[in-house]
$ cat protein-v9.pdb   # PDB, C-alpha atoms
ATOM      1  CA  MET A   9      55.894  66.270 114.596
ATOM      2  CA  SER A  10      54.591  67.697 111.338
ATOM      3  CA  SER A  11      55.561  67.748 107.665
ATOM      4  CA  LYS A  12      53.278  70.618 106.542
ATOM      5  CA  PHE A  13      55.055  73.626 105.042
ATOM      6  CA  GLU A  14      53.455  77.041 105.544
ATOM      7  CA  PRO A  15      54.358  80.575 104.391
ATOM      8  CA  ALA A  16      54.989  83.252 107.013
ATOM      9  CA  ASP A  17      51.981  84.975 108.577
ATOM     10  CA  GLU A  18      53.455  88.413 107.806
ATOM     11  CA  PRO A  19      55.045  89.811 104.617
ATOM     12  CA  TYR A  20      58.734  89.088 104.182
ATOM     13  CA  ASP A  21      61.298  91.858 104.536
ATOM     14  CA  THR A  22      64.343  92.488 102.367
ATOM     15  CA  GLY A  23      67.189  90.324 103.618
ATOM     16  CA  ASP A  24      64.919  87.475 104.752
ATOM     17  CA  VAL A  25      66.016  83.997 103.661
ATOM     18  CA  VAL A  26      63.300  81.829 102.101
ATOM     19  CA  HIS A  27      62.814  78.679 100.079
ATOM     20  CA  ILE A  28      60.462  78.370  97.129
ATOM     21  CA  HIS A  29      57.791  75.764  97.836
ATOM     22  CA  ALA A  30      55.595  76.042  94.741
ATOM     23  CA  PRO A  31      52.956  73.519  93.586
ATOM     24  CA  ASP A  32      54.721  73.305  90.231
ATOM     25  CA  PRO A  33      58.275  71.887  90.664
ATOM     26  CA  GLU A  34      59.330  73.993  87.669
ATOM     27  CA  TYR A  35      59.286  77.069  89.917
ATOM     28  CA  GLU A  36      61.002  75.502  92.909
ATOM     29  CA  HIS A  37      64.666  76.126  93.577
ATOM     30  CA  ARG A  38      67.020  73.939  95.573
ATOM     31  CA  PHE A  39      69.017  76.829  97.046
ATOM     32  CA  GLY A  40      68.002  79.245  99.749
ATOM     33  CA  CYS A  41      67.026  82.658  98.432
ATOM     34  CA  GLU A  42      67.293  86.157  99.861
ATOM     35  CA  VAL A  43      64.469  88.646  99.423
ATOM     36  CA  ILE A  44      65.944  91.658  97.606
ATOM     37  CA  GLU A  45      62.788  93.491  96.489
ATOM     38  CA  ILE A  46      59.181  93.562  97.676
ATOM     39  CA  HIS A  47      56.213  94.177  95.340
ATOM     40  CA  CYS A  48      52.765  95.078  96.659
ATOM     41  CA  ASP A  49      49.692  97.082  95.806
ATOM     42  CA  SER A  50      49.849 100.266  97.901
ATOM     43  CA  LYS A  51      46.124 100.157  98.723
ATOM     44  CA  PRO A  52      45.412 100.059 102.466
ATOM     45  CA  THR A  53      43.327  96.924 101.912
ATOM     46  CA  ALA A  54      46.356  94.976 100.618
ATOM     47  CA  THR A  55      46.840  91.640 102.398
ATOM     48  CA  VAL A  56      49.865  89.450 102.948
ATOM     49  CA  GLU A  57      48.769  87.404  99.916
ATOM     50  CA  ASP A  58      49.039  90.504  97.720
ATOM     51  CA  HIS A  59      52.810  90.610  98.196
ATOM     52  CA  SER A  60      55.326  89.182  95.739
ATOM     53  CA  TYR A  61      59.106  89.220  95.816
ATOM     54  CA  THR A  62      62.261  89.342  93.754
ATOM     55  CA  LEU A  63      64.790  86.797  94.995
ATOM     56  CA  TYR A  64      68.548  86.302  94.914
ATOM     57  CA  ALA A  65      69.488  82.602  94.948
ATOM     58  CA  TYR A  66      72.480  81.415  96.959
ATOM     59  CA  GLY A  67      74.576  78.711  95.326
ATOM     60  CA  VAL A  68      74.009  79.966  91.776
ATOM     61  CA  GLU A  69      74.555  83.561  92.967
ATOM     62  CA  CYS A  70      72.088  85.297  90.705
ATOM     63  CA  GLU A  71      68.780  87.113  90.764
ATOM     64  CA  LEU A  72      65.866  84.906  89.707
ATOM     65  CA  ASP A  73      63.772  86.110  86.770
ATOM     66  CA  SER A  74      60.315  85.449  88.191
ATOM     67  CA  LYS A  75      58.476  87.365  90.883
ATOM     68  CA  TYR A  76      57.296  84.903  93.508
ATOM     69  CA  PRO A  77      53.967  85.231  95.348
ATOM     70  CA  HIS A  78      53.969  85.111  99.133
ATOM     71  CA  LYS A  79      52.088  81.801  99.247
ATOM     72  CA  HIS A  80      54.907  80.020  97.377
ATOM     73  CA  LEU A  81      57.639  81.006  99.832
ATOM     74  CA  ILE A  82      58.457  79.511 103.216
ATOM     75  CA  PRO A  83      60.900  81.078 105.684
ATOM     76  CA  SER A  84      64.175  79.206 105.918
ATOM     77  CA  PRO A  85      64.715  77.342 108.144
ATOM     78  CA  ARG A  86      61.606  78.278 110.178
ATOM     79  CA  GLY A  87      59.215  77.196 107.409
ATOM     80  CA  TYR A  88      60.136  73.573 108.053
ATOM     81  CA  PRO A  89      57.850  72.736 110.996
ATOM     82  CA  ASN A  90      60.011  70.144 112.721
ATOM     83  CA  ILE A  91      63.117  72.313 112.381
ATOM     84  CA  ASN A  92      61.106  75.201 113.785
ATOM     85  CA  ASP A  93      60.137  73.047 116.797
ATOM     86  CA  LEU A  94      63.780  72.091 117.312
ATOM     87  CA  LEU A  95      64.966  75.717 117.223
ATOM     88  CA  GLY A  96      62.305  76.813 119.708
ATOM     89  CA  GLU A  97      60.250  79.993 119.944
ATOM     90  CA  THR A  98      63.183  82.374 120.384
ATOM     91  CA  PRO A  99      65.528  83.065 117.420
ATOM     92  CA  ILE A 100      69.015  81.633 117.995
ATOM     93  CA  ASN A 101      72.400  82.576 116.597
ATOM     94  CA  GLY A 102      73.277  80.505 113.549
ATOM     95  CA  GLU A 103      69.783  79.786 112.296
ATOM     96  CA  GLU A 104      70.202  82.297 109.443
ATOM     97  CA  PHE A 105      73.253  80.362 108.254
ATOM     98  CA  PHE A 106      71.345  77.104 108.696
ATOM     99  CA  GLY A 107      68.607  78.578 106.504
ATOM    100  CA  LYS A 108      70.949  78.884 103.531
ATOM    101  CA  PHE A 109      71.174  75.115 103.195
ATOM    102  CA  ARG A 110      69.607  73.629 100.072
ATOM    103  CA  ARG A 111      65.877  72.958 100.174
ATOM    104  CA  PRO A 112      66.221  69.149  99.665
ATOM    105  CA  ASP A 113      68.673  68.959 102.596
ATOM    106  CA  LEU A 114      66.338  70.841 104.922
ATOM    107  CA  GLN A 115      63.430  68.677 103.781
ATOM    108  CA  LEU A 116      65.447  65.607 104.768
ATOM    109  CA  ILE A 117      66.340  67.100 108.144
ATOM    110  CA  ASN A 118      62.674  67.965 108.684
ATOM    111  CA  LYS A 119      61.730  64.377 107.838
ATOM    112  CA  TYR A 120      64.302  62.797 110.156
ATOM    113  CA  LEU A 121      63.146  65.024 113.003
ATOM    114  CA  THR A 122      59.755  63.277 112.890
ATOM    115  CA  LEU A 123      61.276  60.638 115.200
ATOM    116  CA  VAL A 124      62.681  63.199 117.655
ATOM    117  CA  ASP A 125      60.713  64.599 120.599
ATOM    118  CA  VAL A 126      62.160  68.021 121.366
ATOM    119  CA  GLU A 127      60.364  67.993 124.719
ATOM    120  CA  SER A 128      62.012  64.807 126.003
ATOM    121  CA  ASP A 129      65.060  64.105 123.806
ATOM    122  CA  PRO A 130      68.294  65.925 124.776
ATOM    123  CA  THR A 131      68.664  68.209 121.751
ATOM    124  CA  LEU A 132      70.572  71.048 123.459
ATOM    125  CA  ASP A 133      73.899  69.838 122.021
ATOM    126  CA  TRP A 134      72.444  70.129 118.511
ATOM    127  CA  LEU A 135      71.334  73.698 119.185
ATOM    128  CA  ASN A 136      74.772  74.569 120.525
ATOM    129  CA  GLU A 137      76.350  73.266 117.302
ATOM    130  CA  ILE A 138      73.934  75.329 115.174
ATOM    131  CA  ARG A 139      74.792  78.438 117.224
ATOM    132  CA  LYS A 140      78.410  78.109 116.057
ATOM    133  CA  GLY A 141      77.264  79.007 112.533
ATOM    134  CA  ASP A 142      79.679  76.588 110.893
ATOM    135  CA  VAL A 143      78.663  74.271 108.042
ATOM    136  CA  ASP A 144      80.802  71.382 109.296
ATOM    137  CA  ARG A 145      79.314  71.556 112.798
ATOM    138  CA  ILE A 146      75.759  71.657 111.419
ATOM    139  CA  ASN A 147      76.551  68.694 109.166
ATOM    140  CA  SER A 148      77.732  66.827 112.265
ATOM    141  CA  VAL A 149      74.256  67.365 113.733
ATOM    142  CA  PHE A 150      72.763  66.008 110.515
ATOM    143  CA  ALA A 151      75.001  62.926 110.673
ATOM    144  CA  GLU A 152      73.820  62.017 114.182
ATOM    145  CA  LEU A 153      70.187  62.745 113.340
ATOM    146  CA  TYR A 154      70.343  60.605 110.183
ATOM    147  CA  LEU A 155      71.581  57.527 112.047
ATOM    148  CA  LEU A 156      69.147  58.143 114.919
ATOM    149  CA  TYR A 157      66.223  58.205 112.487
ATOM    150  CA  TYR A 158      66.995  54.838 110.934
ATOM    151  CA  LEU A 159      67.711  53.162 114.267
ATOM    152  CA  ARG A 160      64.386  54.369 115.654
ATOM    153  CA  GLU A 161      62.558  53.507 112.446
ATOM    154  CA  VAL A 162      63.680  49.890 112.808
ATOM    155  CA  TYR A 163      63.905  49.371 116.586
ATOM    156  CA  GLY A 164      61.505  51.970 117.993
ATOM    157  CA  THR A 165      61.930  55.245 119.834
ATOM    158  CA  GLU A 166      62.100  53.728 123.307
ATOM    159  CA  GLN A 167      65.008  51.440 122.369
ATOM    160  CA  VAL A 168      67.252  54.205 121.008
ATOM    161  CA  SER A 169      68.367  56.935 123.410
ATOM    162  CA  MET A 170      70.507  60.015 122.842
ATOM    163  CA  ASN A 171      73.463  61.247 124.913
ATOM    164  CA  ALA A 172      73.675  58.016 126.891
ATOM    165  CA  ALA A 173      75.788  58.522 130.044
ATOM    166  CA  LEU A 174      78.532  55.956 130.652
ATOM    167  CA  SER A 175      78.151  56.188 134.429
ATOM    168  CA  ASP A 176      76.092  57.945 137.084
ATOM    169  CA  GLY A 177      78.770  60.522 137.948
ATOM    170  CA  SER A 178      78.174  64.191 137.183
ATOM    171  CA  ASP A 179      81.373  64.328 135.114
ATOM    172  CA  SER A 180      80.542  61.173 133.160
ATOM    173  CA  LYS A 181      81.122  61.242 129.411
ATOM    174  CA  ASP A 182      78.329  60.093 127.139
ATOM    175  CA  PHE A 183      77.879  58.366 123.796
ATOM    176  CA  ASP A 184      75.748  59.941 121.074
ATOM    177  CA  LEU A 185      73.350  56.989 120.720
ATOM    178  CA  ARG A 186      72.513  53.798 122.590
ATOM    179  CA  LEU A 187      70.456  50.884 121.224
ATOM    180  CA  THR A 188      69.081  48.491 123.827
ATOM    181  CA  THR A 189      67.099  45.353 122.983
ATOM    182  CA  ASP A 190      66.328  42.175 124.921
ATOM    183  CA  ASP A 191      69.731  40.715 124.105
ATOM    184  CA  GLN A 192      71.866  43.651 122.924
ATOM    185  CA  ASP A 193      73.399  46.778 124.419
ATOM    186  CA  ILE A 194      75.067  48.826 121.690
ATOM    187  CA  TRP A 195      76.733  52.201 122.309
ATOM    188  CA  ILE A 196      77.370  54.327 119.216
ATOM    189  CA  GLU A 197      79.567  57.414 118.900
ATOM    190  CA  VAL A 198      79.174  59.409 115.668
ATOM    191  CA  THR A 199      82.014  61.326 114.042
ATOM    192  CA  LYS A 200      82.239  63.274 110.799
ATOM    193  CA  PRO A 201      85.830  63.529 109.530
ATOM    194  CA  ASP A 202      87.109  66.403 107.442
ATOM    195  CA  HIS A 203      86.658  66.443 103.688
ATOM    196  CA  ALA A 204      89.347  64.354 102.035
ATOM    197  CA  SER A 205      89.825  67.201  99.544
ATOM    198  CA  VAL A 206      91.100  69.517 102.286
ATOM    199  CA  LEU A 207      93.404  67.067 104.017
ATOM    200  CA  GLU A 208      96.934  68.313 104.499
ATOM    201  CA  GLY A 209      98.864  67.607 101.304
ATOM    202  CA  GLY A 210      95.787  66.326  99.481
ATOM    203  CA  PHE A 211      94.173  62.915  99.384
ATOM    204  CA  GLY A 212      96.415  59.989 100.220
ATOM    205  CA  MET A 213      98.890  62.132 102.132
ATOM    206  CA  GLY A 214      96.738  63.743 104.776
ATOM    207  CA  THR A 215      96.380  62.896 108.441
ATOM    208  CA  ARG A 216      93.381  64.859 109.685
ATOM    209  CA  THR A 217      90.679  62.293 108.903
ATOM    210  CA  THR A 218      92.524  59.473 110.633
ATOM    211  CA  ASN A 219      93.748  61.693 113.450
ATOM    212  CA  SER A 220      90.161  62.679 114.234
ATOM    213  CA  ILE A 221      89.251  58.993 114.522
ATOM    214  CA  ASP A 222      92.360  58.273 116.574
ATOM    215  CA  ARG A 223      91.433  61.012 119.063
ATOM    216  CA  LYS A 224      87.855  59.752 119.248
ATOM    217  CA  LEU A 225      88.962  56.180 119.971
ATOM    218  CA  LYS A 226      91.484  57.106 122.652
ATOM    219  CA  ASN A 227      89.575  59.935 124.344
ATOM    220  CA  LYS A 228      86.043  58.554 124.219
ATOM    221  CA  PHE A 229      86.277  54.792 123.637
ATOM    222  CA  GLY A 230      89.226  54.239 125.970
ATOM    223  CA  PRO A 231      87.393  55.402 129.132
ATOM    224  CA  ALA A 232      84.134  53.860 127.890
ATOM    225  CA  ARG A 233      85.625  50.372 127.671
ATOM    226  CA  ASP A 234      86.279  50.458 131.414
ATOM    227  CA  ALA A 235      82.886  51.994 132.238
ATOM    228  CA  VAL A 236      80.429  49.670 130.473
ATOM    229  CA  ASN A 237      79.617  46.006 131.071
ATOM    230  CA  ASP A 238      81.743  43.386 129.339
ATOM    231  CA  ASP A 239      78.886  42.375 127.042
ATOM    232  CA  ALA A 240      78.218  45.950 125.868
ATOM    233  CA  VAL A 241      79.209  46.702 122.277
ATOM    234  CA  LEU A 242      81.046  49.956 121.457
ATOM    235  CA  VAL A 243      80.690  51.129 117.856
ATOM    236  CA  LEU A 244      82.244  54.061 116.001
ATOM    237  CA  ALA A 245      79.944  55.483 113.287
ATOM    238  CA  VAL A 246      81.783  57.486 110.615
ATOM    239  CA  TYR A 247      79.704  59.827 108.459
ATOM    240  CA  GLN A 248      81.323  60.386 105.052
ATOM    241  CA  GLU A 249      80.560  63.399 102.911
ATOM    242  CA  GLU A 250      83.138  62.203 100.386
ATOM    243  CA  GLN A 251      82.263  58.543 100.478
ATOM    244  CA  ILE A 252      84.926  56.880  98.346
ATOM    245  CA  THR A 253      87.951  59.008  99.169
ATOM    246  CA  GLN A 254      87.259  59.207 102.891
ATOM    247  CA  SER A 255      86.566  55.475 103.045
ATOM    248  CA  LEU A 256      89.876  54.705 101.358
ATOM    249  CA  GLU A 257      91.738  57.062 103.701
ATOM    250  CA  ILE A 258      90.206  55.458 106.801
ATOM    251  CA  LYS A 259      90.718  51.874 105.588
ATOM    252  CA  ARG A 260      94.327  52.637 104.748
ATOM    253  CA  TRP A 261      94.827  53.923 108.297
ATOM    254  CA  PHE A 262      93.324  50.745 109.761
ATOM    255  CA  GLU A 263      95.591  48.616 107.576
ATOM    256  CA  GLU A 264      98.674  50.435 108.908
ATOM    257  CA  ASP A 265      97.927  48.613 112.189
ATOM    258  CA  TYR A 266      99.251  51.330 114.534
ATOM    259  CA  TYR A 267      97.484  49.572 117.412
ATOM    260  CA  ASP A 268      94.683  47.075 117.924
ATOM    261  CA  VAL A 269      91.557  49.126 117.267
ATOM    262  CA  GLY A 270      89.554  46.256 118.787
ATOM    263  CA  ASP A 271      90.940  47.228 122.196
ATOM    264  CA  PHE A 272      88.790  50.354 121.922
ATOM    265  CA  SER A 273      85.903  49.715 119.501
ATOM    266  CA  ASP A 274      84.016  46.525 118.645
ATOM    267  CA  GLY A 275      83.194  47.714 115.142
ATOM    268  CA  TRP A 276      82.587  50.668 112.881
ATOM    269  CA  ILE A 277      79.744  51.834 110.682
ATOM    270  CA  THR A 278      80.397  53.973 107.634
ATOM    271  CA  PHE A 279      77.420  55.827 106.220
ATOM    272  CA  THR A 280      76.266  58.690 104.044
ATOM    273  CA  TYR A 281      72.888  60.087 103.068
ATOM    274  CA  ILE A 282      73.911  59.766  99.399
ATOM    275  CA  GLY A 283      71.983  56.531  99.127
ATOM    276  CA  ASP A 284      68.637  55.039 100.040
ATOM    277  CA  PRO A 285      69.897  54.460 102.782
ATOM    278  CA  ASP A 286      73.589  53.530 102.731
ATOM    279  CA  PHE A 287      75.275  51.853 105.717
ATOM    280  CA  GLU A 288      78.242  49.480 105.898
ATOM    281  CA  TYR A 289      79.576  47.687 108.953
ATOM    282  CA  HIS A 290      82.874  46.029 109.864
ATOM    283  CA  ALA A 291      83.421  44.164 113.136
ATOM    284  CA  PHE A 292      86.730  44.324 115.026
ATOM    285  CA  THR A 293      85.822  41.869 117.785
ATOM    286  CA  GLU A 294      83.702  38.775 118.310
ATOM    287  CA  ASN A 295      81.350  40.893 120.430
ATOM    288  CA  GLY A 296      80.989  43.348 117.598
ATOM    289  CA  ALA A 297      79.815  40.722 115.132
ATOM    290  CA  CYS A 298      76.276  40.996 116.536
ATOM    291  CA  CYS A 299      75.943  44.368 114.820
ATOM    292  CA  ASN A 300      76.091  42.840 111.351
ATOM    293  CA  ASP A 301      72.359  42.125 111.479
ATOM    294  CA  VAL A 302      71.628  45.450 113.186
ATOM    295  CA  VAL A 303      73.172  47.472 110.370
ATOM    296  CA  LYS A 304      71.741  45.180 107.674
ATOM    297  CA  ALA A 305      68.248  45.939 109.012
ATOM    298  CA  LEU A 306      68.895  49.676 108.579
ATOM    299  CA  THR A 307      69.677  49.247 104.892
ATOM    300  CA  GLU A 308      66.389  47.423 104.338
ATOM    301  CA  VAL A 309      64.176  50.314 105.421
ATOM    302  CA  GLU A 310      61.879  51.233 102.534
ATOM    303  CA  GLU A 311      61.813  54.938 101.809
ATOM    304  CA  PRO A 312      58.412  56.536 101.079
ATOM    305  CA  ARG A 313      57.974  57.433  97.413
TER     306      ARG A 313
END

$ encode --input "protein-v9.pdb" --output "structure tokens"
Amino acid sequence: MSSKFEPADEPYDTGDVVHIHAPDPEYEHRFGCEVIEIHCDSKPTATVEDHSYTLYAYGVECELDSKYPHKHLIPSPRGYPNINDLLGETPINGEEFFGKFRRPDLQLINKYLTLVDVESDPTLDWLNEIRKGDVDRINSVFAELYLLYYLREVYGTEQVSMNAALSDGSDSKDFDLRLTTDDQDIWIEVTKPDHASVLEGGFGMGTRTTNSIDRKLKNKFGPARDAVNDDAVLVLAVYQEEQITQSLEIKRWFEEDYYDVGDFSDGWITFTYIGDPDFEYHAFTENGACCNDVVKALTEVEEPR
């Protein structure tokens, strides 16, 4: 997959969502922008490069002072080549909402998609989440993609599969990711709890974060424990948008000791993209201890500068 950003082949229309991708970072803007006015020489010989635009920036909710030339604007999210490949040739519901994400976030998503093959990897679930047009659902896609990228970066594409079926039956449930090596078989289910700031009653009193994990353990890990081999390792990966508060909420729930979590999961990974990279692991069982080195290897990946 590619990392080259290109402007649209045709002039933008009012209402189009774009990102500024200028050679000089001074003119770039992290938020998506909507085209609100088009400027062009009226001569019949005018080309797409003769167009410039007035933009309204989401996030800061204001009109930008400068007029931006066509060559410095890429369609959002279609101007990100790997995202464009993921979305496919036909426009889908939700992509306009997806396009309003910040430019650095879409650049990261584009980067992590370099280790995804949209022709062979099962990405339909991701597209279905995008079609819902909900920021939390799209962030759940990002969470799975982020972990997939680092696993494949360390262990290779062939060793890390997506949507791994627990059995051969047509109604079999699957796990988001599966890492297989010569001596390990690790099944990973990714979840993204709610923001701690919107928990019922506020932080420290809410139940939604822990309830979402409780449902995941009982509904997905319970049947999985009976379906996989005894030496398989089942891991819950928890993506945290509010790293400290969500981590405290989850740890407090574990300490309450409502039941033996080790009966369901062998360990859990907590992670966030606010880091370079940032993964932590805690084992619940002796089987799960093998993942200590697996997760440590993810944190040692050197990011390109």

$ resolve_selection --input "protein-v9.pdb" --expression "the PyMOL selection byres ((chain A and resi 298-309) around 12)" --output "PyMOL selection string"
chain A and resi 154-163+187-189+191-196+239-245+274-281+283-297+310-312

$ write_last_selection --input "protein-v9.pdb" --atoms "C-alpha atoms" --output "CSV table (one decimal), in the coordinates of the input"
chain,number,residue,atom,x,y,z
A,154,TYR,CA,70.3,60.6,110.2
A,155,LEU,CA,71.6,57.5,112.0
A,156,LEU,CA,69.1,58.1,114.9
A,157,TYR,CA,66.2,58.2,112.5
A,158,TYR,CA,67.0,54.8,110.9
A,159,LEU,CA,67.7,53.2,114.3
A,160,ARG,CA,64.4,54.4,115.7
A,161,GLU,CA,62.6,53.5,112.4
A,162,VAL,CA,63.7,49.9,112.8
A,163,TYR,CA,63.9,49.4,116.6
A,187,LEU,CA,70.5,50.9,121.2
A,188,THR,CA,69.1,48.5,123.8
A,189,THR,CA,67.1,45.4,123.0
A,191,ASP,CA,69.7,40.7,124.1
A,192,GLN,CA,71.9,43.7,122.9
A,193,ASP,CA,73.4,46.8,124.4
A,194,ILE,CA,75.1,48.8,121.7
A,195,TRP,CA,76.7,52.2,122.3
A,196,ILE,CA,77.4,54.3,119.2
A,239,ASP,CA,78.9,42.4,127.0
A,240,ALA,CA,78.2,46.0,125.9
A,241,VAL,CA,79.2,46.7,122.3
A,242,LEU,CA,81.0,50.0,121.5
A,243,VAL,CA,80.7,51.1,117.9
A,244,LEU,CA,82.2,54.1,116.0
A,245,ALA,CA,79.9,55.5,113.3
A,274,ASP,CA,84.0,46.5,118.6
A,275,GLY,CA,83.2,47.7,115.1
A,276,TRP,CA,82.6,50.7,112.9
A,277,ILE,CA,79.7,51.8,110.7
A,278,THR,CA,80.4,54.0,107.6
A,279,PHE,CA,77.4,55.8,106.2
A,280,THR,CA,76.3,58.7,104.0
A,281,TYR,CA,72.9,60.1,103.1
A,283,GLY,CA,72.0,56.5,99.1
A,284,ASP,CA,68.6,55.0,100.0
A,285,PRO,CA,69.9,54.5,102.8
A,286,ASP,CA,73.6,53.5,102.7
A,287,PHE,CA,75.3,51.9,105.7
A,288,GLU,CA,78.2,49.5,105.9
A,289,TYR,CA,79.6,47.7,109.0
A,290,HIS,CA,82.9,46.0,109.9
A,291,ALA,CA,83.4,44.2,113.1
A,292,PHE,CA,86.7,44.3,115.0
A,293,THR,CA,85.8,41.9,117.8
A,294,GLU,CA,83.7,38.8,118.3
A,295,ASN,CA,81.4,40.9,120.4
A,296,GLY,CA,81.0,43.3,117.6
A,297,ALA,CA,79.8,40.7,115.1
A,310,GLU,CA,61.9,51.2,102.5
A,311,GLU,CA,61.8,54.9,101.8
A,312,PRO,CA,58.4,56.5,101.1

$ residues_around --input "protein-v9.pdb" --residues "Ser128 (chain A)" --least-positions-apart "4" --cutoff "12 Å" --atoms "only C-alpha atoms" --output "PyMOL selection string"
chain A and resi 94+123-124+132+165-166+169-170

$ resolve_selection --input "protein-v9.pdb" --expression "the PyMOL selection byres ((chain A and resi 233) around 12)" --output "VMD selection string"
chain A and resid 174 to 175 181 183 195 225 to 232 234 to 243 270 to 274

$ resolve_selection --input "protein-v9.pdb" --expression "the PyMOL selection byres ((chain A and resi 79) around 9)" --output "PyMOL selection string"
chain A and resi 14-16+29-30+56-57+59-60+76-78+80-82

$ atom_distance --input "protein-v9.pdb" --atom1 "CA of Asn147 (chain A)" --atom2 "CA of Ile100 (chain A)"
17.4 Å

$ atom_distance --input "protein-v9.pdb" --atom1 "CA of Cys41 (chain A)" --atom2 "CA of Ala65 (chain A)"
4.3 Å

$ atom_distance --input "protein-v9.pdb" --atom1 "CA of Lys140 (chain A)" --atom2 "CA of Val25 (chain A)"
18.5 Å
